[in-house]
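For reference, coords-v3.cif (mmCIF, C-alpha atoms):
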```
data_target
#
loop_
_atom_site.label_atom_id
_atom_site.label_comp_id
_atom_site.auth_asym_id
_atom_site.auth_seq_id
_atom_site.Cartn_x
_atom_site.Cartn_y
_atom_site.Cartn_z
CA MET A 1 139.34 -11.71 -25.89
CA LEU A 2 140.61 -9.46 -23.08
CA VAL A 3 138.92 -6.12 -22.43
CA ILE A 4 140.39 -3.43 -20.21
CA GLY A 5 137.89 -1.11 -18.57
CA ILE A 6 139.00 2.33 -17.42
CA ASP A 7 137.47 4.66 -14.83
CA PRO A 8 139.65 7.73 -15.37
CA GLY A 9 140.58 9.94 -12.46
CA SER A 10 143.63 11.99 -11.59
CA ARG A 11 143.57 11.00 -7.91
CA HIS A 12 141.97 7.54 -8.21
CA PHE A 13 142.38 5.78 -11.55
CA GLY A 14 140.48 2.49 -11.75
CA TYR A 15 141.22 -0.26 -14.23
CA GLY A 16 140.10 -3.84 -14.74
CA ILE A 17 140.80 -6.57 -17.26
CA ILE A 18 138.16 -9.16 -18.05
CA GLN A 19 138.24 -12.23 -20.27
CA SER A 20 135.07 -11.83 -22.34
CA GLU A 21 134.52 -15.58 -22.77
CA GLY A 22 133.04 -16.66 -19.46
CA MET A 23 133.25 -13.14 -17.99
CA LYS A 24 136.40 -13.96 -15.99
CA LEU A 25 138.30 -11.37 -13.94
CA ILE A 26 141.97 -11.36 -14.97
CA HIS A 27 143.42 -8.35 -13.13
CA ALA A 28 142.12 -5.14 -11.58
CA GLY A 29 143.20 -2.31 -9.34
CA THR A 30 143.24 1.36 -8.52
CA LEU A 31 146.11 3.79 -8.92
CA ASN A 32 145.91 6.23 -6.00
CA PHE A 33 147.73 9.56 -5.93
CA SER A 34 148.17 12.22 -3.28
CA HIS A 35 146.55 15.59 -3.91
CA THR A 36 149.98 17.09 -3.22
CA LEU A 37 151.41 15.43 -6.34
CA LYS A 38 151.31 17.88 -9.25
CA ILE A 39 149.05 17.05 -12.19
CA PRO A 40 151.89 16.52 -14.72
CA GLU A 41 153.50 14.02 -12.34
CA ARG A 42 150.19 12.17 -11.87
CA LEU A 43 149.67 12.05 -15.64
CA GLU A 44 153.14 10.62 -16.14
CA ALA A 45 152.53 7.99 -13.45
CA ILE A 46 149.17 7.04 -14.99
CA HIS A 47 150.77 6.78 -18.44
CA ASP A 48 153.63 4.61 -17.23
CA ALA A 49 151.43 2.30 -15.12
CA LEU A 50 148.76 1.89 -17.83
CA PHE A 51 151.41 1.28 -20.48
CA GLU A 52 152.94 -1.46 -18.29
CA ILE A 53 149.55 -3.07 -17.55
CA ILE A 54 148.74 -3.18 -21.27
CA GLU A 55 152.20 -4.53 -22.07
CA ILE A 56 151.75 -7.36 -19.56
CA TYR A 57 148.12 -8.36 -20.25
CA LYS A 58 147.77 -7.33 -23.93
CA PRO A 59 144.03 -6.54 -23.96
CA SER A 60 142.33 -6.51 -27.37
CA GLU A 61 139.95 -3.63 -26.61
CA MET A 62 139.60 -0.74 -24.19
CA ALA A 63 136.29 0.44 -22.72
CA LEU A 64 136.41 3.94 -21.27
CA GLU A 65 133.89 5.92 -19.27
CA LYS A 66 132.90 9.13 -21.05
CA ALA A 67 133.62 12.43 -19.36
CA PHE A 68 130.80 14.06 -17.45
CA VAL A 69 130.95 17.84 -17.34
CA GLY A 70 129.31 19.10 -14.18
CA LYS A 71 129.69 22.29 -12.22
CA GLN A 72 133.39 21.72 -11.55
CA ILE A 73 134.86 22.97 -14.84
CA THR A 74 138.46 22.76 -13.60
CA SER A 75 137.94 19.12 -12.57
CA SER A 76 136.49 18.41 -16.02
CA PHE A 77 139.69 19.71 -17.64
CA VAL A 78 141.86 17.50 -15.44
CA LEU A 79 139.62 14.51 -16.19
CA SER A 80 140.06 15.24 -19.91
CA TYR A 81 143.85 15.14 -19.48
CA VAL A 82 143.58 11.71 -17.82
CA ARG A 83 141.26 10.44 -20.55
CA GLY A 84 143.78 11.75 -23.10
CA ILE A 85 146.52 9.68 -21.47
CA ALA A 86 144.36 6.54 -21.66
CA LEU A 87 143.51 7.25 -25.30
CA LEU A 88 147.18 7.85 -26.12
CA VAL A 89 148.27 4.59 -24.51
CA ALA A 90 145.54 2.74 -26.40
CA ALA A 91 146.56 4.37 -29.70
CA LYS A 92 150.25 3.57 -29.14
CA ASN A 93 149.29 -0.07 -28.60
CA LYS A 94 146.80 -0.18 -31.52
CA ILE A 95 143.90 -0.98 -29.15
CA PRO A 96 140.43 0.12 -30.29
CA VAL A 97 138.57 2.24 -27.72
CA TYR A 98 134.85 2.15 -26.97
CA GLU A 99 133.23 4.82 -24.80
CA TYR A 100 130.14 4.58 -22.61
CA SER A 101 128.34 7.16 -20.48
CA SER A 102 127.85 6.49 -16.78
CA THR A 103 124.11 6.17 -17.44
CA GLU A 104 124.70 3.50 -20.12
CA ILE A 105 127.04 1.60 -17.80
CA LYS A 106 124.64 1.69 -14.84
CA ARG A 107 121.71 0.64 -17.03
CA ALA A 108 123.72 -2.25 -18.50
CA LEU A 109 124.60 -3.60 -15.06
CA THR A 110 121.57 -2.78 -12.92
CA GLY A 111 118.78 -2.00 -15.36
CA TYR A 112 118.58 1.54 -13.96
CA GLY A 113 120.65 4.44 -15.34
CA ARG A 114 120.79 6.31 -12.04
CA ALA A 115 121.83 3.40 -9.83
CA HIS A 116 124.06 4.09 -6.83
CA LYS A 117 127.72 3.07 -6.74
CA ILE A 118 126.99 0.35 -4.18
CA GLN A 119 124.48 -1.26 -6.57
CA VAL A 120 126.96 -1.15 -9.44
CA LYS A 121 129.69 -2.64 -7.25
CA SER A 122 127.33 -5.41 -6.14
CA MET A 123 126.45 -6.27 -9.73
CA VAL A 124 130.12 -6.25 -10.78
CA LYS A 125 130.85 -8.80 -8.07
CA HIS A 126 127.85 -10.84 -9.16
CA PHE A 127 128.81 -10.84 -12.88
CA LEU A 128 132.40 -11.81 -12.05
CA SER A 129 131.57 -14.23 -9.20
CA PHE A 130 133.97 -12.22 -7.05
CA ASN A 131 133.77 -12.03 -3.25
CA GLY A 132 136.88 -9.97 -2.48
CA LYS A 133 137.23 -6.28 -1.72
CA ILE A 134 137.58 -3.71 -4.48
CA SER A 135 137.46 0.07 -4.50
CA TYR A 136 134.60 1.94 -6.12
CA ASP A 137 137.00 3.20 -8.80
CA CYS A 138 138.05 -0.36 -9.59
CA SER A 139 134.45 -1.62 -9.65
CA ASP A 140 133.50 1.29 -11.94
CA ALA A 141 136.29 0.29 -14.34
CA LEU A 142 135.15 -3.32 -14.30
CA ALA A 143 131.58 -2.12 -14.87
CA VAL A 144 132.71 -0.31 -18.03
CA ALA A 145 134.35 -3.51 -19.29
CA ILE A 146 131.27 -5.60 -18.47
CA CYS A 147 129.03 -3.03 -20.20
CA HIS A 148 131.23 -3.25 -23.30
CA ILE A 149 131.30 -7.04 -23.35
CA ASN A 150 127.53 -7.27 -22.90
CA SER A 151 126.92 -4.56 -25.52
CA LYS A 152 129.10 -6.40 -27.98
CA ASN A 153 127.40 -9.73 -27.24
CA SER A 154 123.95 -8.14 -27.65
CA PHE A 155 124.99 -6.60 -30.95
CA LEU A 156 126.39 -9.85 -32.23
CA LYS A 157 123.17 -11.70 -31.33
CA LYS A 158 121.07 -9.15 -33.24
CA VAL A 159 123.02 -9.54 -36.49
#
```
What is this file in structure tokens?
Amino acid sequence: MLVIGIDPGSRHFGYGIIQSEGMKLIHAGTLNFSHTLKIPERLEAIHDALFEIIEIYKPSEMALEKAFVGKQITSSFVLSYVRGIALLVAAKNKIPVYEYSSTEIKRALTGYGRAHKIQVKSMVKHFLSFNGKISYDCSDALAVAICHINSKNSFLKKV
């Protein structure tokens, strides 16, 4: 089964596709946008790119990082728009979506819910036996997918 992990962002949108059997990296990347590009144009570009990625790789499930509402309310709204695009693309492709908080993701990968990005990135590379370079947004997306796969495997073992 293929799982696509999403780290939503309007400037840096991370995604990663993992084969759950054997925890194998299939494809991953980051969509980067200039701050000068208007939000509707970024949303359209994210929609089109994500739709194409899903059309090519045909993942069975999507794992998405939950929104965190901090002090930047305006940023939280924009993040919600991006999450909406990911949810729409998943719905159009009949892909079930599973959501995880950043604390759940960090705990699943490092054992500590407040781990730093560098620790998460290191564990992503370890889980996937990957030595190449990836952005933090890409590693965060892969971390969401790994969290989902491990959560699902843990659940299945408990039943």
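For the atom pair formed by atom CA of Lys66 of chain A and atom CA of Leu25 of chain A, the distance is 22.4 Å, given to one decimal.
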**Request:** Take the PyMOL selection byres ((chain A and resi 71-86) around 10), apply it to the structure above, and return the hits as a ChimeraX atom specification.
**Result:** /A:6-11,13,39-40,42-44,46-48,50-51,62,64-70,87-92,97
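For the choices A:Glu61, A:Glu21, A:Asp140, A:Glu52, the atom-to-atom distance to Ser102 of chain A is smallest for A:Asp140 when using all atoms listed in the file.
If you count all atoms listed in the file and ignore residues fewer than 2 places along the chain from Lys133 of chain A, what sits within 12 Å of it is Ala28, Gly29, Thr30, Lys121, Ser122, Val124, Lys125, Phe130, Asn131, Ser135, Tyr136, Asp137, Cys138 and Ser139 of chain A.
Of the residues listed (A:Cys147, A:Leu31, A:Ala49, A:Ile134), A:Cys147 shows the shortest atom-to-atom separation from Ile105 of chain A; distances use all atoms listed in the file.
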Target residues per the PyMOL selection byres ((chain A and resi 24) around 10), formatted as a PDB file with C-alpha atoms, keeping the file's coordinate frame:
```pdb
ATOM      1  CA  LEU A   2     140.610  -9.460 -23.080  1.00  0.00           C
ATOM      2  CA  ILE A  17     140.800  -6.570 -17.260  1.00  0.00           C
ATOM      3  CA  ILE A  18     138.160  -9.160 -18.050  1.00  0.00           C
ATOM      4  CA  GLN A  19     138.240 -12.230 -20.270  1.00  0.00           C
ATOM      5  CA  SER A  20     135.070 -11.830 -22.340  1.00  0.00           C
ATOM      6  CA  GLU A  21     134.520 -15.580 -22.770  1.00  0.00           C
ATOM      7  CA  GLY A  22     133.040 -16.660 -19.460  1.00  0.00           C
ATOM      8  CA  MET A  23     133.250 -13.140 -17.990  1.00  0.00           C
ATOM      9  CA  LEU A  25     138.300 -11.370 -13.940  1.00  0.00           C
ATOM     10  CA  ILE A  26     141.970 -11.360 -14.970  1.00  0.00           C
ATOM     11  CA  HIS A  27     143.420  -8.350 -13.130  1.00  0.00           C
ATOM     12  CA  PHE A 127     128.810 -10.840 -12.880  1.00  0.00           C
ATOM     13  CA  LEU A 128     132.400 -11.810 -12.050  1.00  0.00           C
ATOM     14  CA  SER A 129     131.570 -14.230  -9.200  1.00  0.00           C
ATOM     15  CA  PHE A 130     133.970 -12.220  -7.050  1.00  0.00           C
TER      16      PHE A 130
END
```
